[in-house]
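Okay, structure-v7.cif is below, mmCIF, N, CA and C atoms and all ligand atoms:
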```cif
data_my_file
#
loop_
_atom_site.label_atom_id
_atom_site.label_comp_id
_atom_site.auth_asym_id
_atom_site.auth_seq_id
_atom_site.Cartn_x
_atom_site.Cartn_y
_atom_site.Cartn_z
N MET O 1 85.19 104.63 96.45
CA MET O 1 84.91 103.87 97.68
C MET O 1 86.17 103.82 98.54
N SER O 2 86.01 104.10 99.82
CA SER O 2 87.16 104.01 100.70
C SER O 2 87.10 102.70 101.51
N TYR O 3 88.25 102.31 102.01
CA TYR O 3 88.35 101.05 102.75
C TYR O 3 87.57 101.14 104.05
N ASP O 4 86.76 100.13 104.32
CA ASP O 4 85.97 100.07 105.55
C ASP O 4 86.56 98.97 106.44
N SER O 5 87.18 99.39 107.53
CA SER O 5 87.91 98.44 108.36
C SER O 5 87.00 97.52 109.19
N SER O 6 85.69 97.64 108.98
CA SER O 6 84.78 96.70 109.65
C SER O 6 84.47 95.49 108.78
N ASN O 7 85.09 95.41 107.59
CA ASN O 7 84.80 94.25 106.74
C ASN O 7 85.30 92.96 107.40
N ILE O 8 84.74 91.84 106.95
CA ILE O 8 84.95 90.57 107.64
C ILE O 8 86.42 90.13 107.62
N PHE O 9 87.13 90.40 106.54
CA PHE O 9 88.54 89.96 106.49
C PHE O 9 89.42 90.84 107.38
N ALA O 10 89.09 92.11 107.51
CA ALA O 10 89.81 92.97 108.45
C ALA O 10 89.61 92.45 109.87
N ARG O 11 88.41 92.01 110.15
CA ARG O 11 88.12 91.48 111.49
C ARG O 11 88.85 90.16 111.72
N ILE O 12 88.97 89.35 110.69
CA ILE O 12 89.77 88.11 110.81
C ILE O 12 91.23 88.48 111.07
N LEU O 13 91.76 89.46 110.33
CA LEU O 13 93.16 89.88 110.52
C LEU O 13 93.40 90.37 111.95
N ARG O 14 92.41 91.04 112.52
CA ARG O 14 92.56 91.56 113.90
C ARG O 14 92.31 90.48 114.95
N GLY O 15 91.91 89.29 114.50
CA GLY O 15 91.66 88.20 115.44
C GLY O 15 90.31 88.28 116.12
N GLU O 16 89.44 89.14 115.60
CA GLU O 16 88.10 89.30 116.21
C GLU O 16 87.17 88.16 115.81
N ILE O 17 87.48 87.56 114.66
CA ILE O 17 86.69 86.44 114.14
C ILE O 17 87.68 85.32 113.82
N PRO O 18 87.37 84.09 114.19
CA PRO O 18 88.32 83.00 113.91
C PRO O 18 88.35 82.63 112.44
N CYS O 19 89.44 81.99 112.05
CA CYS O 19 89.51 81.43 110.70
C CYS O 19 90.29 80.12 110.79
N ASN O 20 90.14 79.31 109.77
CA ASN O 20 90.87 78.05 109.68
C ASN O 20 92.16 78.33 108.91
N LYS O 21 93.17 78.73 109.66
CA LYS O 21 94.40 79.27 109.06
C LYS O 21 95.27 78.20 108.42
N ILE O 22 95.82 78.54 107.27
CA ILE O 22 96.74 77.65 106.55
C ILE O 22 98.16 78.19 106.60
N TYR O 23 98.28 79.50 106.46
CA TYR O 23 99.62 80.11 106.33
C TYR O 23 99.52 81.57 106.75
N GLU O 24 100.60 82.06 107.35
CA GLU O 24 100.66 83.49 107.68
C GLU O 24 102.10 83.95 107.69
N ASP O 25 102.34 85.12 107.14
CA ASP O 25 103.64 85.77 107.30
C ASP O 25 103.38 87.27 107.40
N GLU O 26 104.43 88.08 107.27
CA GLU O 26 104.24 89.52 107.49
C GLU O 26 103.38 90.17 106.40
N PHE O 27 103.24 89.50 105.26
CA PHE O 27 102.52 90.10 104.15
C PHE O 27 101.12 89.57 103.93
N ALA O 28 100.86 88.34 104.36
CA ALA O 28 99.61 87.69 103.96
C ALA O 28 99.11 86.71 105.01
N LEU O 29 97.82 86.47 104.93
CA LEU O 29 97.17 85.42 105.73
C LEU O 29 96.35 84.57 104.76
N ALA O 30 96.44 83.25 104.91
CA ALA O 30 95.66 82.33 104.07
C ALA O 30 94.83 81.43 104.97
N PHE O 31 93.58 81.23 104.56
CA PHE O 31 92.67 80.40 105.37
C PHE O 31 91.61 79.80 104.46
N HIS O 32 90.95 78.77 104.97
CA HIS O 32 89.93 78.09 104.19
C HIS O 32 88.67 78.96 104.08
N ASP O 33 88.07 78.98 102.89
CA ASP O 33 86.81 79.70 102.69
C ASP O 33 85.71 79.03 103.53
N ILE O 34 84.86 79.83 104.10
CA ILE O 34 83.81 79.31 104.97
C ILE O 34 82.73 78.55 104.19
N ALA O 35 82.62 78.84 102.90
CA ALA O 35 81.61 78.18 102.05
C ALA O 35 82.31 77.66 100.79
N PRO O 36 83.08 76.58 100.92
CA PRO O 36 83.93 76.15 99.81
C PRO O 36 83.15 75.77 98.56
N GLN O 37 83.70 76.18 97.41
CA GLN O 37 83.08 75.87 96.13
C GLN O 37 83.91 74.88 95.34
N ALA O 38 84.88 74.27 95.99
CA ALA O 38 85.70 73.19 95.42
C ALA O 38 86.27 72.43 96.62
N PRO O 39 86.79 71.21 96.39
CA PRO O 39 87.37 70.46 97.52
C PRO O 39 88.45 71.26 98.26
N VAL O 40 89.24 72.01 97.53
CA VAL O 40 90.16 72.99 98.14
C VAL O 40 89.69 74.38 97.72
N HIS O 41 89.38 75.21 98.69
CA HIS O 41 88.98 76.60 98.41
C HIS O 41 89.59 77.46 99.51
N VAL O 42 90.65 78.14 99.12
CA VAL O 42 91.46 78.90 100.07
C VAL O 42 91.40 80.37 99.70
N LEU O 43 91.43 81.22 100.70
CA LEU O 43 91.52 82.67 100.48
C LEU O 43 92.87 83.15 100.96
N VAL O 44 93.49 84.01 100.17
CA VAL O 44 94.77 84.64 100.56
C VAL O 44 94.54 86.14 100.58
N ILE O 45 94.82 86.76 101.72
CA ILE O 45 94.56 88.19 101.85
C ILE O 45 95.83 88.92 102.28
N PRO O 46 96.04 90.13 101.77
CA PRO O 46 97.20 90.92 102.23
C PRO O 46 96.94 91.45 103.64
N LYS O 47 98.01 91.73 104.37
CA LYS O 47 97.88 92.27 105.72
C LYS O 47 97.42 93.73 105.70
N GLY O 48 97.75 94.44 104.63
CA GLY O 48 97.40 95.85 104.54
C GLY O 48 95.96 96.06 104.13
N GLU O 49 95.52 97.31 104.26
CA GLU O 49 94.11 97.66 103.99
C GLU O 49 93.95 98.08 102.54
N TYR O 50 93.58 97.12 101.70
CA TYR O 50 93.38 97.38 100.27
C TYR O 50 92.05 96.79 99.85
N LEU O 51 91.31 97.55 99.06
CA LEU O 51 89.96 97.17 98.66
C LEU O 51 89.90 96.04 97.64
N SER O 52 90.85 96.06 96.71
CA SER O 52 90.66 95.27 95.50
C SER O 52 92.01 95.05 94.81
N PHE O 53 91.96 94.26 93.75
CA PHE O 53 93.15 94.06 92.92
C PHE O 53 93.72 95.40 92.46
N ASP O 54 92.85 96.28 92.00
CA ASP O 54 93.32 97.58 91.49
C ASP O 54 94.00 98.38 92.59
N ASP O 55 93.32 98.44 93.74
CA ASP O 55 93.84 99.22 94.86
C ASP O 55 95.19 98.66 95.31
N PHE O 56 95.23 97.35 95.51
CA PHE O 56 96.47 96.72 96.00
C PHE O 56 97.60 96.87 95.00
N SER O 57 97.32 96.56 93.74
CA SER O 57 98.38 96.53 92.73
C SER O 57 98.92 97.91 92.42
N SER O 58 98.08 98.92 92.56
CA SER O 58 98.54 100.27 92.24
C SER O 58 99.06 101.02 93.46
N GLN O 59 98.61 100.67 94.66
CA GLN O 59 98.93 101.48 95.84
C GLN O 59 99.90 100.84 96.82
N ALA O 60 99.94 99.52 96.88
CA ALA O 60 100.78 98.87 97.90
C ALA O 60 102.26 99.02 97.55
N PRO O 61 103.12 99.13 98.57
CA PRO O 61 104.56 99.17 98.30
C PRO O 61 105.01 97.89 97.58
N ALA O 62 106.08 98.01 96.82
CA ALA O 62 106.54 96.88 96.00
C ALA O 62 106.84 95.64 96.84
N ASP O 63 107.41 95.85 98.03
CA ASP O 63 107.72 94.67 98.84
C ASP O 63 106.46 93.98 99.34
N ALA O 64 105.40 94.75 99.55
CA ALA O 64 104.13 94.14 99.98
C ALA O 64 103.50 93.36 98.83
N VAL O 65 103.59 93.90 97.61
CA VAL O 65 103.03 93.19 96.45
C VAL O 65 103.81 91.90 96.22
N ALA O 66 105.12 92.00 96.20
CA ALA O 66 105.94 90.79 95.99
C ALA O 66 105.72 89.79 97.11
N GLY O 67 105.71 90.28 98.36
CA GLY O 67 105.54 89.39 99.50
C GLY O 67 104.20 88.67 99.47
N PHE O 68 103.17 89.39 99.03
CA PHE O 68 101.84 88.79 98.97
C PHE O 68 101.80 87.64 97.96
N TYR O 69 102.33 87.89 96.75
CA TYR O 69 102.27 86.83 95.73
C TYR O 69 103.20 85.68 96.07
N ARG O 70 104.31 85.98 96.70
CA ARG O 70 105.19 84.88 97.15
C ARG O 70 104.46 84.05 98.22
N ALA O 71 103.73 84.71 99.08
CA ALA O 71 102.97 83.98 100.10
C ALA O 71 101.92 83.09 99.46
N ALA O 72 101.23 83.61 98.44
CA ALA O 72 100.20 82.81 97.76
C ALA O 72 100.83 81.57 97.15
N GLN O 73 102.02 81.73 96.58
CA GLN O 73 102.69 80.56 95.99
C GLN O 73 103.09 79.57 97.08
N LYS O 74 103.50 80.07 98.23
CA LYS O 74 103.85 79.16 99.34
C LYS O 74 102.63 78.36 99.78
N VAL O 75 101.47 78.99 99.74
CA VAL O 75 100.24 78.27 100.08
C VAL O 75 100.00 77.14 99.08
N VAL O 76 100.14 77.47 97.79
CA VAL O 76 99.99 76.45 96.74
C VAL O 76 100.95 75.29 96.98
N ALA O 77 102.20 75.61 97.27
CA ALA O 77 103.20 74.56 97.49
C ALA O 77 102.90 73.78 98.77
N GLN O 78 102.52 74.49 99.83
CA GLN O 78 102.24 73.83 101.10
C GLN O 78 101.09 72.84 100.97
N LEU O 79 100.12 73.18 100.14
CA LEU O 79 98.96 72.31 99.94
C LEU O 79 99.21 71.27 98.85
N GLY O 80 100.36 71.35 98.18
CA GLY O 80 100.71 70.37 97.16
C GLY O 80 99.81 70.40 95.94
N LEU O 81 99.48 71.61 95.51
CA LEU O 81 98.49 71.75 94.44
C LEU O 81 99.08 71.71 93.04
N GLN O 82 100.40 71.81 92.92
CA GLN O 82 100.98 71.94 91.57
C GLN O 82 100.69 70.73 90.69
N ALA O 83 100.75 69.55 91.26
CA ALA O 83 100.63 68.33 90.44
C ALA O 83 99.26 68.26 89.76
N GLY O 84 98.21 68.49 90.50
CA GLY O 84 96.87 68.36 89.93
C GLY O 84 96.39 69.63 89.25
N GLY O 85 96.98 70.75 89.58
CA GLY O 85 96.57 72.03 89.02
C GLY O 85 95.59 72.75 89.93
N TYR O 86 95.41 74.00 89.65
CA TYR O 86 94.57 74.85 90.51
C TYR O 86 94.18 76.10 89.74
N ARG O 87 93.27 76.85 90.31
CA ARG O 87 92.83 78.11 89.70
C ARG O 87 92.91 79.22 90.73
N ILE O 88 93.45 80.36 90.31
CA ILE O 88 93.48 81.54 91.17
C ILE O 88 92.55 82.59 90.57
N LEU O 89 91.75 83.20 91.43
CA LEU O 89 90.73 84.14 90.95
C LEU O 89 90.63 85.32 91.92
N ALA O 90 90.44 86.49 91.37
CA ALA O 90 90.24 87.68 92.21
C ALA O 90 88.99 88.40 91.70
N ASN O 91 87.88 88.20 92.37
CA ASN O 91 86.67 88.93 92.00
C ASN O 91 86.90 90.41 92.28
N THR O 92 86.52 91.23 91.33
CA THR O 92 86.75 92.67 91.46
C THR O 92 85.52 93.43 91.00
N GLY O 93 84.85 94.08 91.94
CA GLY O 93 83.72 94.93 91.58
C GLY O 93 82.42 94.19 91.36
N ALA O 94 81.43 94.95 90.87
CA ALA O 94 80.05 94.48 90.82
C ALA O 94 79.84 93.30 89.87
N ASP O 95 80.35 93.41 88.65
CA ASP O 95 80.10 92.34 87.68
C ASP O 95 80.70 91.01 88.13
N ALA O 96 81.75 91.08 88.91
CA ALA O 96 82.40 89.85 89.40
C ALA O 96 81.86 89.42 90.76
N HIS O 97 80.90 90.18 91.29
CA HIS O 97 80.26 89.83 92.57
C HIS O 97 81.25 89.81 93.72
N GLN O 98 82.16 90.77 93.74
CA GLN O 98 83.05 90.87 94.91
C GLN O 98 82.20 91.23 96.12
N GLU O 99 82.25 90.37 97.14
CA GLU O 99 81.41 90.56 98.32
C GLU O 99 82.18 91.20 99.47
N VAL O 100 83.42 90.82 99.62
CA VAL O 100 84.22 91.34 100.74
C VAL O 100 85.21 92.36 100.19
N MET O 101 85.12 93.58 100.71
CA MET O 101 85.92 94.67 100.17
C MET O 101 87.28 94.79 100.88
N HIS O 102 87.96 93.66 100.91
CA HIS O 102 89.38 93.60 101.29
C HIS O 102 89.98 92.66 100.26
N TYR O 103 90.98 93.13 99.54
CA TYR O 103 91.53 92.35 98.43
C TYR O 103 91.83 90.92 98.84
N HIS O 104 91.48 89.99 97.98
CA HIS O 104 91.76 88.58 98.28
C HIS O 104 91.85 87.78 97.00
N LEU O 105 92.67 86.74 97.07
CA LEU O 105 92.72 85.73 96.02
C LEU O 105 91.96 84.51 96.50
N HIS O 106 91.20 83.92 95.58
CA HIS O 106 90.65 82.59 95.81
C HIS O 106 91.59 81.59 95.16
N ILE O 107 91.89 80.49 95.83
CA ILE O 107 92.60 79.37 95.21
C ILE O 107 91.67 78.16 95.26
N PHE O 108 91.36 77.65 94.06
CA PHE O 108 90.48 76.48 93.94
C PHE O 108 91.31 75.30 93.45
N ALA O 109 91.02 74.11 93.98
CA ALA O 109 91.72 72.90 93.52
C ALA O 109 90.99 71.67 94.04
N GLY O 110 91.51 70.52 93.61
CA GLY O 110 91.02 69.26 94.17
C GLY O 110 90.01 68.54 93.32
N CYS O 111 89.69 69.10 92.15
CA CYS O 111 88.78 68.42 91.22
C CYS O 111 88.95 69.09 89.86
N ASP O 112 88.29 68.52 88.84
CA ASP O 112 88.25 69.19 87.53
C ASP O 112 87.43 70.46 87.70
N LEU O 113 88.06 71.60 87.50
CA LEU O 113 87.41 72.88 87.78
C LEU O 113 86.57 73.40 86.63
N GLY O 114 86.52 72.65 85.53
CA GLY O 114 85.65 73.05 84.43
C GLY O 114 86.20 74.21 83.64
N SER O 115 85.34 74.76 82.79
CA SER O 115 85.80 75.85 81.93
C SER O 115 85.95 77.13 82.75
N MET O 116 86.65 78.09 82.21
CA MET O 116 87.07 79.24 82.99
C MET O 116 85.91 80.11 83.44
N VAL O 117 84.97 80.37 82.55
CA VAL O 117 83.78 81.14 82.94
C VAL O 117 82.55 80.38 82.47
N ARG O 118 81.42 80.72 83.06
CA ARG O 118 80.17 80.08 82.69
C ARG O 118 79.91 80.28 81.19
N ARG O 119 79.54 79.21 80.53
CA ARG O 119 79.28 79.30 79.09
C ARG O 119 78.02 80.11 78.83
N GLY O 120 77.96 80.69 77.64
CA GLY O 120 76.74 81.38 77.25
C GLY O 120 76.72 82.87 77.60
N LEU O 121 77.82 83.36 78.16
CA LEU O 121 77.84 84.77 78.55
C LEU O 121 78.29 85.67 77.41
N VAL O 122 78.94 85.07 76.41
CA VAL O 122 79.38 85.90 75.29
C VAL O 122 78.84 85.33 73.99
P1 LIG H 201 84.23 87.45 97.01
O1 LIG H 201 82.86 87.24 96.43
O2 LIG H 201 84.31 88.76 97.76
O3 LIG H 201 85.31 87.26 96.00
O4 LIG H 201 84.45 86.25 98.04
C1 LIG H 201 84.32 86.38 99.41
C2 LIG H 201 84.50 84.99 99.98
O5 LIG H 201 84.65 85.09 101.38
C3 LIG H 201 83.33 84.02 99.72
O6 LIG H 201 83.81 82.88 99.02
C4 LIG H 201 82.83 83.69 101.11
O7 LIG H 201 82.41 82.34 101.24
C5 LIG H 201 84.04 83.99 101.99
N1 LIG H 201 83.71 84.38 103.34
C6 LIG H 201 82.79 85.30 103.73
N2 LIG H 201 82.77 85.43 105.06
C7 LIG H 201 83.72 84.57 105.54
C8 LIG H 201 84.17 84.27 106.86
O8 LIG H 201 83.72 84.81 107.87
N3 LIG H 201 85.17 83.35 106.96
C9 LIG H 201 85.71 82.75 105.87
N4 LIG H 201 86.67 81.85 106.08
N5 LIG H 201 85.30 83.01 104.61
C10 LIG H 201 84.31 83.92 104.44
#
```

How does the structure come out when it is put into structure tokens?
Amino acid sequence: MSYDSSNIFARILRGEIPCNKIYEDEFALAFHDIAPQAPVHVLVIPKGEYLSFDDFSSQAPADAVAGFYRAAQKVVAQLGLQAGGYRILANTGADAHQEVMHYHLHIFAGCDLGSMVRRGLV
């Protein structure tokens, strides 16, 4: 699969669609998820065109990878999530129901997030 620059996050990066922005630097943009699944539900996306965790982690230059994860941590700190805890998740591919084919991290926080995966799957 090749990167499709018409995906919704690419359009947000180009400013074609608005977002509720939390943080931005040269490597990343962070904004609130449009359909939050926790009291805090933030998306962090790299500025470059990468499909997934695999694509980004294997193909992006080292400074972009480091810059992206440093940006994600700045979002965590800016939102003051360390004290209560939080969960970071990257859906990848069909089994994980990745819907938007531009790599992104979900950051969930603000309540007891429960067990890591739905029980009964294994
Ligand atoms: P995925 O399933 O690909 O890991 O998650 C995609 C996420 O993007 C979903 O949580 C969905 O609610 C969110 N999302 C989809 N379209 C938009 C949008 O236009 N704006 C924002 N802020 N979030 C979106």

List all protein, DNA and RNA residues that have at least one atom no more than 6 Å from any atom of ligand LIG 201 (chain H), counting only N, CA and C atoms and all ligand atoms, and write them as a ChimeraX atom specification. /O:8,19-20,31-36,90-91,97-101

File of the preceding selection, N, CA and C atoms, as a PDB file, in the coordinates of the input:
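Output file selection32.pdb follows:
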```pdb
ATOM      1  N   ILE O   8      84.740  91.840 106.950  1.00  0.00           N
ATOM      2  CA  ILE O   8      84.950  90.570 107.640  1.00  0.00           C
ATOM      3  C   ILE O   8      86.420  90.130 107.620  1.00  0.00           C
ATOM      4  N   CYS O  19      89.440  81.990 112.050  1.00  0.00           N
ATOM      5  CA  CYS O  19      89.510  81.430 110.700  1.00  0.00           C
ATOM      6  C   CYS O  19      90.290  80.120 110.790  1.00  0.00           C
ATOM      7  N   ASN O  20      90.140  79.310 109.770  1.00  0.00           N
ATOM      8  CA  ASN O  20      90.870  78.050 109.680  1.00  0.00           C
ATOM      9  C   ASN O  20      92.160  78.330 108.910  1.00  0.00           C
ATOM     10  N   PHE O  31      93.580  81.230 104.560  1.00  0.00           N
ATOM     11  CA  PHE O  31      92.670  80.400 105.370  1.00  0.00           C
ATOM     12  C   PHE O  31      91.610  79.800 104.460  1.00  0.00           C
ATOM     13  N   HIS O  32      90.950  78.770 104.970  1.00  0.00           N
ATOM     14  CA  HIS O  32      89.930  78.090 104.190  1.00  0.00           C
ATOM     15  C   HIS O  32      88.670  78.960 104.080  1.00  0.00           C
ATOM     16  N   ASP O  33      88.070  78.980 102.890  1.00  0.00           N
ATOM     17  CA  ASP O  33      86.810  79.700 102.690  1.00  0.00           C
ATOM     18  C   ASP O  33      85.710  79.030 103.530  1.00  0.00           C
ATOM     19  N   ILE O  34      84.860  79.830 104.100  1.00  0.00           N
ATOM     20  CA  ILE O  34      83.810  79.310 104.970  1.00  0.00           C
ATOM     21  C   ILE O  34      82.730  78.550 104.190  1.00  0.00           C
ATOM     22  N   ALA O  35      82.620  78.840 102.900  1.00  0.00           N
ATOM     23  CA  ALA O  35      81.610  78.180 102.050  1.00  0.00           C
ATOM     24  C   ALA O  35      82.310  77.660 100.790  1.00  0.00           C
ATOM     25  N   PRO O  36      83.080  76.580 100.920  1.00  0.00           N
ATOM     26  CA  PRO O  36      83.930  76.150  99.810  1.00  0.00           C
ATOM     27  C   PRO O  36      83.150  75.770  98.560  1.00  0.00           C
ATOM     28  N   ALA O  90      90.440  86.490  91.370  1.00  0.00           N
ATOM     29  CA  ALA O  90      90.240  87.680  92.210  1.00  0.00           C
ATOM     30  C   ALA O  90      88.990  88.400  91.700  1.00  0.00           C
ATOM     31  N   ASN O  91      87.880  88.200  92.370  1.00  0.00           N
ATOM     32  CA  ASN O  91      86.670  88.930  92.000  1.00  0.00           C
ATOM     33  C   ASN O  91      86.900  90.410  92.280  1.00  0.00           C
ATOM     34  N   HIS O  97      80.900  90.180  91.290  1.00  0.00           N
ATOM     35  CA  HIS O  97      80.260  89.830  92.570  1.00  0.00           C
ATOM     36  C   HIS O  97      81.250  89.810  93.720  1.00  0.00           C
ATOM     37  N   GLN O  98      82.160  90.770  93.740  1.00  0.00           N
ATOM     38  CA  GLN O  98      83.050  90.870  94.910  1.00  0.00           C
ATOM     39  C   GLN O  98      82.200  91.230  96.120  1.00  0.00           C
ATOM     40  N   GLU O  99      82.250  90.370  97.140  1.00  0.00           N
ATOM     41  CA  GLU O  99      81.410  90.560  98.320  1.00  0.00           C
ATOM     42  C   GLU O  99      82.180  91.200  99.470  1.00  0.00           C
ATOM     43  N   VAL O 100      83.420  90.820  99.620  1.00  0.00           N
ATOM     44  CA  VAL O 100      84.220  91.340 100.740  1.00  0.00           C
ATOM     45  C   VAL O 100      85.210  92.360 100.190  1.00  0.00           C
ATOM     46  N   MET O 101      85.120  93.580 100.710  1.00  0.00           N
ATOM     47  CA  MET O 101      85.920  94.670 100.170  1.00  0.00           C
ATOM     48  C   MET O 101      87.280  94.790 100.880  1.00  0.00           C
TER      49      MET O 101
END
```

So that I can check the surroundings of region 49-60 of chain O, please list as a VMD selection string every protein, DNA and RNA residue that reaches within 6 Å of it, counting only C-alpha atoms and ignoring chain neighbours fewer than 6 positions away.
chain O and resid 3 101 to 103

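Shortest atom-to-atom contact with Ala28 (chain O) among O:Ala10, O:Gly114, O:Val42, O:Ala64: O:Ala64, counting all atoms listed in the file.
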
- Task: DSSP on the backbone, then: every residue of region 10-110 of chain O marked strand (DSSP E or B), written as a PyMOL selection string.
- Result: chain O and resi 21-24+28-32+40-46+86-89+105-109

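One distance worth recording is that between atom N of Ala83 (chain O) and CA of Cys111 (chain O), which is 12.0 Å.
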
In Å and to one decimal, atom N of Ser2 (chain O) is distant from CA of Gln73 (chain O) by 29.1 Å

**Asked** Hey, what's within 8 Å of Val75 (chain O) if we count only C-alpha atoms and toss same-chain stuff fewer than 4 positions away? As a PyMOL selection string, please?
**Response** chain O and resi 22-23+30+71+79

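Taking atom C of Ala38 (chain O) and atom C of Leu81 (chain O) as endpoints, the distance between them is 13.3 Å.
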
Exercise for review: Could you tell me, as an MDAnalysis selection string, which residues of chain O DSSP assigns to alpha helix (DSSP H) when given the backbone?
Suggested key: chainID O and resid 8:13 53:59 62:78

Would you pick out the contacts of Gly85 (chain O) at 7 Å or less, using all atoms listed in the file, so that residues sharing its chain but fewer than 6 positions from it are not included, and give the list as a PDB file with N, CA and C atoms, in the frame of the given file?
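Done, and the output landed in part_22.pdb:
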```pdb
ATOM      1  N   PHE O 108      91.360  77.650  94.060  1.00  0.00           N
ATOM      2  CA  PHE O 108      90.480  76.480  93.940  1.00  0.00           C
ATOM      3  C   PHE O 108      91.310  75.300  93.450  1.00  0.00           C
ATOM      4  N   ALA O 109      91.020  74.110  93.980  1.00  0.00           N
ATOM      5  CA  ALA O 109      91.720  72.900  93.520  1.00  0.00           C
ATOM      6  C   ALA O 109      90.990  71.670  94.040  1.00  0.00           C
ATOM      7  N   GLY O 110      91.510  70.520  93.610  1.00  0.00           N
ATOM      8  CA  GLY O 110      91.020  69.260  94.170  1.00  0.00           C
ATOM      9  C   GLY O 110      90.010  68.540  93.320  1.00  0.00           C
TER      10      GLY O 110
END
```
